[in-house]
Each structure stands twice: as structure tokens, then as C-alpha cells.
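Content type CSV, C-alpha atoms, from the file query.csv:
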```csv
chain,number,residue,atom,x,y,z
A,621,MET,CA,118.2,-178.1,-26.5
A,622,ALA,CA,115.3,-177.9,-28.9
A,623,ASN,CA,113.0,-180.9,-29.5
A,624,THR,CA,113.6,-182.7,-32.7
A,625,SER,CA,112.5,-186.0,-34.3
A,626,LYS,CA,116.1,-186.7,-35.1
A,627,PRO,CA,118.2,-188.1,-32.2
A,628,ARG,CA,121.2,-186.2,-31.0
A,629,PHE,CA,124.0,-187.8,-29.0
A,630,ILE,CA,125.6,-186.1,-26.1
A,631,LEU,CA,128.7,-186.9,-24.1
A,632,ALA,CA,127.7,-186.1,-20.5
A,633,CYS,CA,130.4,-185.8,-17.9
A,634,ASP,CA,129.8,-185.5,-14.2
A,635,ILE,CA,132.9,-184.7,-12.2
A,636,GLY,CA,132.9,-184.9,-8.4
A,637,GLY,CA,135.7,-185.1,-5.8
A,638,THR,CA,135.6,-188.9,-5.7
A,639,ASN,CA,134.0,-190.1,-9.0
A,640,THR,CA,134.2,-189.0,-12.6
A,641,SER,CA,131.2,-190.4,-14.6
A,642,LEU,CA,130.9,-190.3,-18.4
A,643,ALA,CA,127.8,-191.3,-20.4
A,644,LEU,CA,126.6,-191.4,-23.9
A,645,VAL,CA,123.1,-189.8,-23.9
A,646,GLU,CA,120.5,-189.9,-26.6
A,647,HIS,CA,118.2,-186.9,-26.8
A,648,ILE,CA,115.1,-187.1,-28.9
A,649,GLN,CA,111.8,-185.3,-28.6
A,650,GLY,CA,112.5,-183.9,-25.2
A,651,ARG,CA,113.6,-187.2,-23.7
A,652,PHE,CA,117.1,-188.2,-22.6
A,653,THR,CA,118.3,-191.8,-22.5
A,654,ILE,CA,121.6,-193.1,-21.2
A,655,LEU,CA,123.0,-195.6,-23.7
A,656,ARG,CA,126.4,-196.3,-22.2
A,657,SER,CA,128.3,-195.1,-19.1
A,658,ARG,CA,131.7,-195.5,-17.4
A,659,ARG,CA,133.0,-194.4,-14.0
A,660,PHE,CA,136.6,-193.4,-13.1
A,661,SER,CA,138.3,-192.3,-9.9
A,662,THR,CA,138.7,-188.6,-9.9
A,663,GLN,CA,141.6,-188.7,-7.4
A,664,ALA,CA,143.5,-191.1,-9.7
A,665,LEU,CA,143.2,-188.8,-12.8
A,666,PRO,CA,145.5,-186.0,-13.9
A,667,SER,CA,142.8,-184.5,-16.2
A,668,LEU,CA,139.5,-185.3,-17.9
A,669,LEU,CA,141.2,-185.9,-21.3
A,670,GLY,CA,142.2,-189.5,-20.6
A,671,PRO,CA,138.7,-190.7,-19.6
A,672,ILE,CA,137.1,-188.9,-22.6
A,673,ALA,CA,139.6,-190.5,-25.0
A,674,SER,CA,139.1,-193.9,-23.5
A,675,PHE,CA,135.3,-193.6,-23.6
A,676,ILE,CA,135.2,-192.4,-27.2
A,677,GLN,CA,137.6,-195.2,-28.3
A,678,GLU,CA,135.3,-197.7,-26.7
A,679,LEU,CA,132.4,-196.3,-28.8
A,680,LYS,CA,134.5,-196.6,-31.9
A,681,ASP,CA,135.7,-200.1,-31.1
A,682,SER,CA,132.1,-201.2,-30.7
A,683,ARG,CA,131.4,-199.8,-34.1
A,684,ALA,CA,128.8,-197.4,-32.7
A,685,ASP,CA,127.3,-195.1,-35.2
A,686,ASN,CA,126.1,-192.7,-32.5
A,687,LEU,CA,129.3,-190.9,-31.6
A,688,PRO,CA,128.6,-187.7,-29.5
A,689,GLU,CA,128.0,-184.5,-31.3
A,690,VAL,CA,128.4,-182.3,-28.2
A,691,CYS,CA,129.9,-182.5,-24.8
A,692,CYS,CA,128.4,-181.2,-21.5
A,693,VAL,CA,130.6,-181.3,-18.4
A,694,SER,CA,129.1,-180.6,-14.9
A,695,ALA,CA,131.7,-180.4,-12.2
A,696,ALA,CA,132.1,-179.5,-8.6
A,697,GLY,CA,133.5,-176.0,-8.8
A,698,PRO,CA,132.7,-172.5,-10.1
A,699,VAL,CA,132.8,-171.9,-13.8
A,700,SER,CA,135.0,-169.0,-14.8
A,701,GLY,CA,136.4,-168.1,-18.3
A,702,GLY,CA,135.4,-171.5,-19.8
A,703,LYS,CA,137.2,-173.4,-17.1
A,704,ILE,CA,136.4,-175.1,-13.8
A,705,GLN,CA,139.0,-175.6,-11.0
A,706,LEU,CA,137.7,-178.6,-9.1
A,707,THR,CA,137.0,-177.8,-5.4
A,708,ASN,CA,138.0,-181.2,-4.1
A,709,ALA,CA,140.6,-182.3,-6.6
A,710,SER,CA,143.9,-180.9,-7.8
A,711,TRP,CA,143.1,-180.6,-11.6
A,712,ALA,CA,141.0,-178.3,-13.7
A,713,ILE,CA,138.7,-178.6,-16.7
A,714,ASP,CA,139.2,-176.4,-19.8
A,715,ALA,CA,136.3,-176.4,-22.4
A,716,ALA,CA,138.6,-175.0,-25.1
A,717,GLU,CA,141.1,-177.8,-24.6
A,718,ILE,CA,138.5,-180.5,-24.9
A,719,GLU,CA,137.1,-178.9,-28.1
A,720,THR,CA,140.6,-178.8,-29.6
A,721,VAL,CA,141.6,-182.3,-28.7
A,722,PHE,CA,138.3,-184.0,-29.6
A,723,ASN,CA,136.8,-181.6,-32.1
A,724,ILE,CA,133.5,-181.5,-30.2
A,725,LYS,CA,131.6,-178.5,-28.9
A,726,THR,CA,131.9,-178.4,-25.1
A,727,TYR,CA,129.9,-176.7,-22.5
A,728,LEU,CA,130.7,-176.4,-18.8
A,729,ILE,CA,128.3,-176.0,-15.9
A,730,ASN,CA,128.6,-176.2,-12.1
A,731,ASP,CA,127.4,-179.6,-10.9
A,732,PHE,CA,124.7,-178.2,-8.6
A,733,THR,CA,123.4,-175.8,-11.2
A,734,ALA,CA,123.0,-178.9,-13.4
A,735,ILE,CA,121.2,-180.8,-10.6
A,736,SER,CA,119.0,-177.7,-10.0
A,737,TYR,CA,117.9,-177.8,-13.6
A,738,ALA,CA,117.4,-181.6,-13.4
A,739,VAL,CA,115.3,-181.9,-10.3
A,740,VAL,CA,112.4,-179.9,-11.8
A,741,LEU,CA,112.1,-182.6,-14.4
A,742,LEU,CA,111.4,-185.3,-11.8
A,743,ASP,CA,107.9,-186.7,-11.4
A,744,GLN,CA,106.9,-185.9,-7.8
A,745,ASP,CA,104.1,-188.5,-8.0
A,746,ASP,CA,106.6,-191.3,-8.8
A,747,PRO,CA,108.1,-192.6,-5.5
A,748,GLY,CA,110.9,-194.2,-7.5
A,749,GLN,CA,112.1,-190.6,-8.3
A,750,ILE,CA,111.1,-188.6,-5.3
A,751,THR,CA,110.6,-189.6,-1.6
A,752,PRO,CA,108.4,-186.8,0.0
A,753,ILE,CA,109.1,-186.1,3.7
A,754,PRO,CA,105.8,-185.3,5.4
A,755,HIS,CA,105.2,-182.1,7.2
A,756,THR,CA,104.9,-182.1,11.0
A,757,ASP,CA,101.1,-182.2,10.6
A,758,GLY,CA,101.4,-185.3,8.4
A,759,SER,CA,100.5,-183.6,5.1
A,760,ALA,CA,102.7,-184.3,2.0
A,761,PRO,CA,104.7,-181.5,0.5
A,762,ARG,CA,103.9,-180.5,-3.1
A,763,ALA,CA,106.3,-178.6,-5.4
A,764,GLY,CA,104.9,-175.3,-6.5
A,765,THR,CA,106.3,-172.1,-8.0
A,766,GLY,CA,109.0,-169.9,-6.6
A,767,MET,CA,112.5,-170.4,-5.3
A,768,ALA,CA,113.6,-173.9,-4.1
A,769,LEU,CA,116.8,-175.0,-2.4
A,770,VAL,CA,118.8,-177.9,-3.9
A,771,ILE,CA,121.4,-179.4,-1.5
A,772,GLY,CA,123.5,-182.5,-1.4
A,773,VAL,CA,126.6,-183.9,0.0
A,774,GLY,CA,129.3,-186.3,-1.3
A,775,THR,CA,133.1,-185.7,-1.1
A,776,GLY,CA,132.1,-182.1,-0.6
A,777,MET,CA,128.8,-180.2,-0.2
A,778,GLY,CA,126.8,-178.7,-3.1
A,779,MET,CA,124.1,-176.2,-3.0
A,780,GLY,CA,122.0,-174.5,-5.7
A,781,PHE,CA,118.7,-172.6,-6.1
A,782,VAL,CA,116.1,-173.0,-8.8
A,783,ASP,CA,113.3,-170.5,-9.5
A,784,LYS,CA,110.2,-172.2,-10.9
A,785,ARG,CA,107.9,-169.7,-12.6
A,786,ALA,CA,104.2,-169.7,-13.0
A,787,ASP,CA,104.5,-170.1,-16.8
A,788,GLY,CA,106.4,-173.4,-16.3
A,789,SER,CA,109.8,-172.0,-17.1
A,790,TYR,CA,112.6,-172.1,-14.5
A,791,LEU,CA,116.0,-170.6,-13.9
A,792,ALA,CA,118.8,-172.1,-11.8
A,793,TYR,CA,121.3,-170.1,-9.9
A,794,PRO,CA,124.8,-171.3,-8.9
A,795,SER,CA,126.0,-171.2,-5.3
A,796,GLU,CA,129.1,-172.1,-3.5
A,797,GLY,CA,127.0,-172.7,-0.4
A,798,GLY,CA,129.4,-175.2,1.0
A,799,HIS,CA,131.4,-172.3,2.2
A,800,SER,CA,128.6,-170.8,4.2
A,801,GLU,CA,128.4,-171.1,8.0
A,802,LEU,CA,127.8,-174.2,10.0
A,803,PRO,CA,124.5,-174.1,12.1
A,804,CYS,CA,126.2,-174.6,15.5
A,805,HIS,CA,123.5,-174.8,18.2
A,806,ASP,CA,124.9,-176.5,21.3
A,807,THR,CA,128.2,-177.0,23.2
A,808,LEU,CA,129.2,-180.1,21.2
A,809,SER,CA,128.7,-178.4,17.8
A,810,TYR,CA,130.5,-175.3,18.9
A,811,ALA,CA,133.4,-177.4,20.2
A,812,LEU,CA,133.5,-179.4,17.0
A,813,HIS,CA,133.6,-176.3,14.9
A,814,ALA,CA,136.3,-174.7,17.0
A,815,TRP,CA,138.4,-177.9,16.8
A,816,VAL,CA,138.2,-178.2,13.0
A,817,SER,CA,138.8,-174.5,12.5
A,818,ALA,CA,141.9,-174.6,14.6
A,819,ARG,CA,143.2,-177.6,12.6
A,820,GLN,CA,142.5,-175.8,9.3
A,821,GLY,CA,143.8,-172.4,10.3
A,822,TYR,CA,140.7,-170.6,9.3
A,823,GLU,CA,136.9,-170.3,10.1
A,824,ALA,CA,135.6,-173.7,8.8
A,825,GLY,CA,132.6,-173.6,6.6
A,826,ALA,CA,129.7,-176.1,6.4
A,827,GLU,CA,131.4,-178.3,3.8
A,828,LEU,CA,134.0,-179.4,6.3
A,829,PHE,CA,131.3,-181.0,8.4
A,830,LEU,CA,128.5,-181.8,5.9
A,831,SER,CA,130.3,-184.1,3.5
A,832,GLY,CA,132.3,-187.3,3.4
A,833,GLN,CA,135.3,-185.4,4.7
A,834,GLY,CA,133.0,-183.8,7.2
A,835,ILE,CA,132.1,-187.2,8.7
A,836,SER,CA,135.8,-187.9,8.9
A,837,ASN,CA,136.5,-184.6,10.6
A,838,THR,CA,133.7,-185.2,13.2
A,839,PHE,CA,134.9,-188.7,13.9
A,840,SER,CA,138.5,-187.4,14.4
A,841,PHE,CA,137.3,-184.9,16.9
A,842,LEU,CA,135.4,-187.5,18.8
A,843,CYS,CA,138.6,-189.6,19.0
A,844,SER,CA,140.6,-186.6,20.2
A,845,GLY,CA,141.4,-185.6,23.7
A,846,ASP,CA,139.3,-182.5,23.2
A,847,PHE,CA,136.0,-184.4,23.1
A,848,ARG,CA,134.2,-184.7,26.5
A,849,PRO,CA,131.7,-187.6,26.6
A,850,GLU,CA,129.1,-185.6,28.5
A,851,LEU,CA,128.6,-183.5,25.4
A,852,ALA,CA,127.0,-186.5,23.8
A,853,ILE,CA,124.1,-186.7,26.3
A,854,PRO,CA,121.7,-184.4,24.3
A,855,TYR,CA,122.1,-186.8,21.3
A,856,GLY,CA,120.8,-189.7,23.3
A,857,PHE,CA,124.2,-191.2,24.3
A,858,ASP,CA,125.2,-192.3,27.8
A,859,ALA,CA,128.5,-190.6,28.6
A,860,SER,CA,129.7,-193.8,30.4
A,861,GLY,CA,129.5,-195.6,27.0
A,862,PHE,CA,132.6,-193.8,25.8
A,863,ALA,CA,136.0,-195.3,26.7
A,864,MET,CA,138.7,-192.7,27.5
A,865,ALA,CA,140.6,-193.8,24.3
A,866,PRO,CA,139.2,-195.0,21.0
A,867,SER,CA,138.6,-198.7,20.6
A,868,PRO,CA,140.9,-200.8,18.4
A,869,ALA,CA,138.3,-200.7,15.6
A,870,GLU,CA,138.0,-196.9,15.9
A,871,LYS,CA,141.8,-196.6,15.8
A,872,ALA,CA,141.8,-198.7,12.7
A,873,ILE,CA,139.4,-196.3,11.0
A,874,LEU,CA,141.6,-193.4,11.9
A,875,ALA,CA,144.5,-195.2,10.2
A,876,LEU,CA,142.7,-195.5,6.9
A,877,PRO,CA,143.3,-193.2,4.0
A,878,GLU,CA,141.2,-190.1,4.3
A,879,GLN,CA,138.9,-191.0,1.4
A,880,ASP,CA,138.1,-194.4,2.9
A,881,ARG,CA,137.1,-193.3,6.4
A,882,PRO,CA,133.5,-192.0,5.8
A,883,ALA,CA,132.3,-195.4,4.5
A,884,ALA,CA,134.0,-197.2,7.4
A,885,ILE,CA,132.5,-194.8,9.9
A,886,ALA,CA,129.0,-195.3,8.5
A,887,ALA,CA,129.5,-199.1,8.4
A,888,GLY,CA,130.7,-199.1,12.0
A,889,ARG,CA,127.8,-197.1,13.4
A,890,THR,CA,126.0,-200.2,14.8
A,891,LYS,CA,129.0,-201.4,16.7
A,892,GLU,CA,131.2,-198.5,17.6
A,893,THR,CA,129.9,-195.6,19.8
A,894,ARG,CA,132.0,-192.9,18.2
A,895,CYS,CA,130.9,-194.0,14.8
A,896,ALA,CA,127.3,-193.9,15.8
A,897,LEU,CA,127.7,-190.4,17.4
A,898,ALA,CA,129.5,-189.1,14.3
A,899,MET,CA,126.7,-190.1,12.0
A,900,GLU,CA,124.1,-188.7,14.5
A,901,ILE,CA,125.9,-185.3,14.5
A,902,PHE,CA,126.1,-185.4,10.7
A,903,ALA,CA,122.4,-186.0,10.4
A,904,ASP,CA,121.5,-183.3,13.0
A,905,LEU,CA,123.7,-180.6,11.4
A,906,TYR,CA,122.5,-181.6,7.9
A,907,ALA,CA,118.9,-181.2,8.8
A,908,ARG,CA,119.6,-177.9,10.6
A,909,LYS,CA,121.5,-176.6,7.5
A,910,VAL,CA,118.6,-177.5,5.2
A,911,SER,CA,116.1,-175.7,7.3
A,912,SER,CA,118.2,-172.7,8.2
```

Output the structure of this file as C-alpha cells.
Amino acid sequence: MANTSKPRFILACDIGGTNTSLALVEHIQGRFTILRSRRFSTQALPSLLGPIASFIQELKDSRADNLPEVCCVSAAGPVSGGKIQLTNASWAIDAAEIETVFNIKTYLINDFTAISYAVVLLDQDDPGQITPIPHTDGSAPRAGTGMALVIGVGTGMGMGFVDKRADGSYLAYPSEGGHSELPCHDTLSYALHAWVSARQGYEAGAELFLSGQGISNTFSFLCSGDFRPELAIPYGFDASGFAMAPSPAEKAILALPEQDRPAAIAAGRTKETRCALAMEIFADLYARKVSS
């Protein structure tokens, strides 16, 4: 979008497997400012039309004179033919349908392609925007030119690549990297992968371990009869610290709806051994995937 002294107003929509976020964004002279935002539950929605209608009506009711001129939707799924079928929700997004209903030009982009374009705009000298992780020799990393990996997990796992060129331009490439292989490296990780693959009925990709649902899958494995406590020793856990059966608190987590388990597992990591090990396995595999 070209720089201009006249502000333009954009309806920005970010659609993930758990949350759907909408924002009215002002763009002027190369700067973007969020003026108003709303969040909805993706799993409770039949489509994106309802949230957009509600959000635009709020703007009209507030007598806003900055109604959006264009809509940009970033969503967790591949873009094909002007549509996105969400990876971790049952509904799809159709740009033509949004344009017809709301009479607003609409663009679709994969969520991690959008993030890949966004990260290069961050100020690497601002600790409020970026937290650098020192190299093993203690030196701080500095972003340069060339290809960079962008990865993140939520309900699912997203991955993208951005090529930052010497002339300051950059190009992002979409990737469904969540379906790539899991970096198994020891008896426990191979056993976990085999257990989840057997339950799914196919060779499980990294997303089924490195995500909210992945934390739940790992915890379920640790609570199953297929988990052997001695496998936890390399992770700093004493095998004798695991009861034969899950504790009442761990059983209560298993009884929760699928979408509520990851937060409960993370919250229970200081009290419940299987919760702690699930998070340790998640962190270990996440680090290995990033560096592989």
C-alpha cells in the first residue's frame, strides 16, 4: 500500500483455530495504527460474515466517519482460488462473498505469510518488540539479509519464510510447515510419535505435537498405559515420581473439553508431574524443530 498523506482505513481480520480478531486500522504515511478491535471465538462461528457485520455496525452506531475502505483477512490455512479453508476449524473464508455482502474490496493471505511480512518491520533494538536469544558464545543475534524462518504455535503450528534482500526489499513465502516431520530423537519422542500416529491413523506431522492440541496429545500419552516412567529420566525427572495411574487432578484435565486442556496443563506444571513433563517435552521438541 503506497504512502499517502491522506489516511486510509482498513478492516484487518486475523483468523486462527481458537480466536477471530477484527480491527479497524488507520494507515497514513507508512504507519499503521489500530483504532478499534474485537475478538470472537472461532469455534463458535459458522462463518466470518457475522463478526464483520457486527463490527461494522458498531462503527456505524458510534457515528464513526472512518469506515473501512478495504478488508484484509489473514487466516490459518492455504489460499486457493480466493478462498481459505481453515486448517483447525470447520468453515471457510470466501473473498468474493465478503465483497458481495459488504461492498468492500477484500484480500486473503495465509496467516504466517502475513506474519513473515510483519516481523521485518519490528525494531530489533526495541526489547518491547523483540527479545533476542544470545548465541552460545554470549553474542546477541542481529537480523541481516537472506532467508529467515518464521515459526509459531497456537491452536495449530504455523511456519513461513521471508527473504530480506540487500536493497531493503523482502518477499515472504507461504508454507504449510506444520505438516512436516517431528524431530524425534530419543525413545520417549519416538514412542510419543508412534502413539499419536496410531490414534490418528496416519503418520502424524509436527503440528500434532507443537501446538495447543499437541500439548494435549502429549499429556494424553503420558496418562496412558503406554507411557513408561523411565523414559522421563533424560528430561530430569525421577521415574519414581510417577504414580501408576494419573492423579485426580490429571484425570480432571483429561475430562476437560479438548480446547481447554492446554491451558490447564500449563497451569498445572508446578504441581502435577505429568503436566510438567508434557511442557518439558513440548519445549524440547519446539527448540529442535526450530533448529532443524

Legend entry - Test item: residues at most 12 Å from Val645 in chain A, only C-alpha atoms, excluding those fewer than 2 positions along its chain, as a ChimeraX atom specification: /A:627-633,642-643,647-648,651-657,686-692

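Minimum atom-to-atom distance to Gly834 in chain A, evaluated using all atoms listed in the file, belongs to A:Glu878 out of A:Asp858, A:Glu796, A:Asp846, A:Glu878.
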
Legend entry - Expected answer as a PyMOL selection string: all residues with atoms within 10 Å of (137.1, -193.0, 10.1), only C-alpha atoms: chain A and resi 833+835-840+843+869-888+894-895+898

Sorted by chain and rising residue number, list the residues of range 688-765 of chain A at most 9 Å from range 659-680 of chain A (counting all atoms listed in the file), each with its closest atom pair and distance in Å to one decimal, as a tab-separated table.
```
residue	atom	partner	partner_atom	distance
A:Pro688	CA	A:Ile676	CA	8.4
A:Asn708	CA	A:Gln663	CA	8.9
A:Ala709	CA	A:Gln663	CA	6.5
A:Ser710	CA	A:Pro666	CA	8.1
A:Trp711	CA	A:Ser667	CA	6.0
A:Ala712	CA	A:Ser667	CA	6.9
A:Ile713	CA	A:Leu668	CA	6.9
A:Glu717	CA	A:Leu669	CA	8.7
A:Ile718	CA	A:Leu669	CA	7.0
A:Val721	CA	A:Leu669	CA	8.2
A:Phe722	CA	A:Ala673	CA	8.1
```

Inset, instruction - Mind giving me the straight-line distance from CA of Lys909 in chain A to CA of Thr640 in chain A in Å, one decimal? - result: 26.8 Å

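What separates CA of Gly636 in chain A from CA of Gly697 in chain A is a distance of 8.9 Å.
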
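Of the residues under consideration (A:Thr765, A:Thr775, A:Ile901, A:Leu706), A:Ile901 shows the shortest atom-to-atom contact distance to Leu812 in chain A when counting all atoms listed in the file.
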
Would you tabulate, counting only C-alpha atoms, all residues of range 758-834 of chain A that have an atom at most 6 Å from an atom of range 729-751 of chain A, showing the closest pair of atoms and their distance in Å to one decimal, sorted by chain then ascending number, as CSV?
```
residue,atom,partner,partner_atom,distance
A:Gly778,CA,A:Phe732,CA,5.9
A:Met779,CA,A:Phe732,CA,6.0
A:Gly780,CA,A:Phe732,CA,5.4
A:Val782,CA,A:Ser736,CA,5.7
A:Ala792,CA,A:Ser736,CA,5.9
A:Pro794,CA,A:Thr733,CA,5.2
```

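Shortest atom-to-atom contact with Lys784 in chain A among A:Ile771, A:Tyr906, A:Ala763, A:Leu802: A:Ala763, counting only C-alpha atoms.
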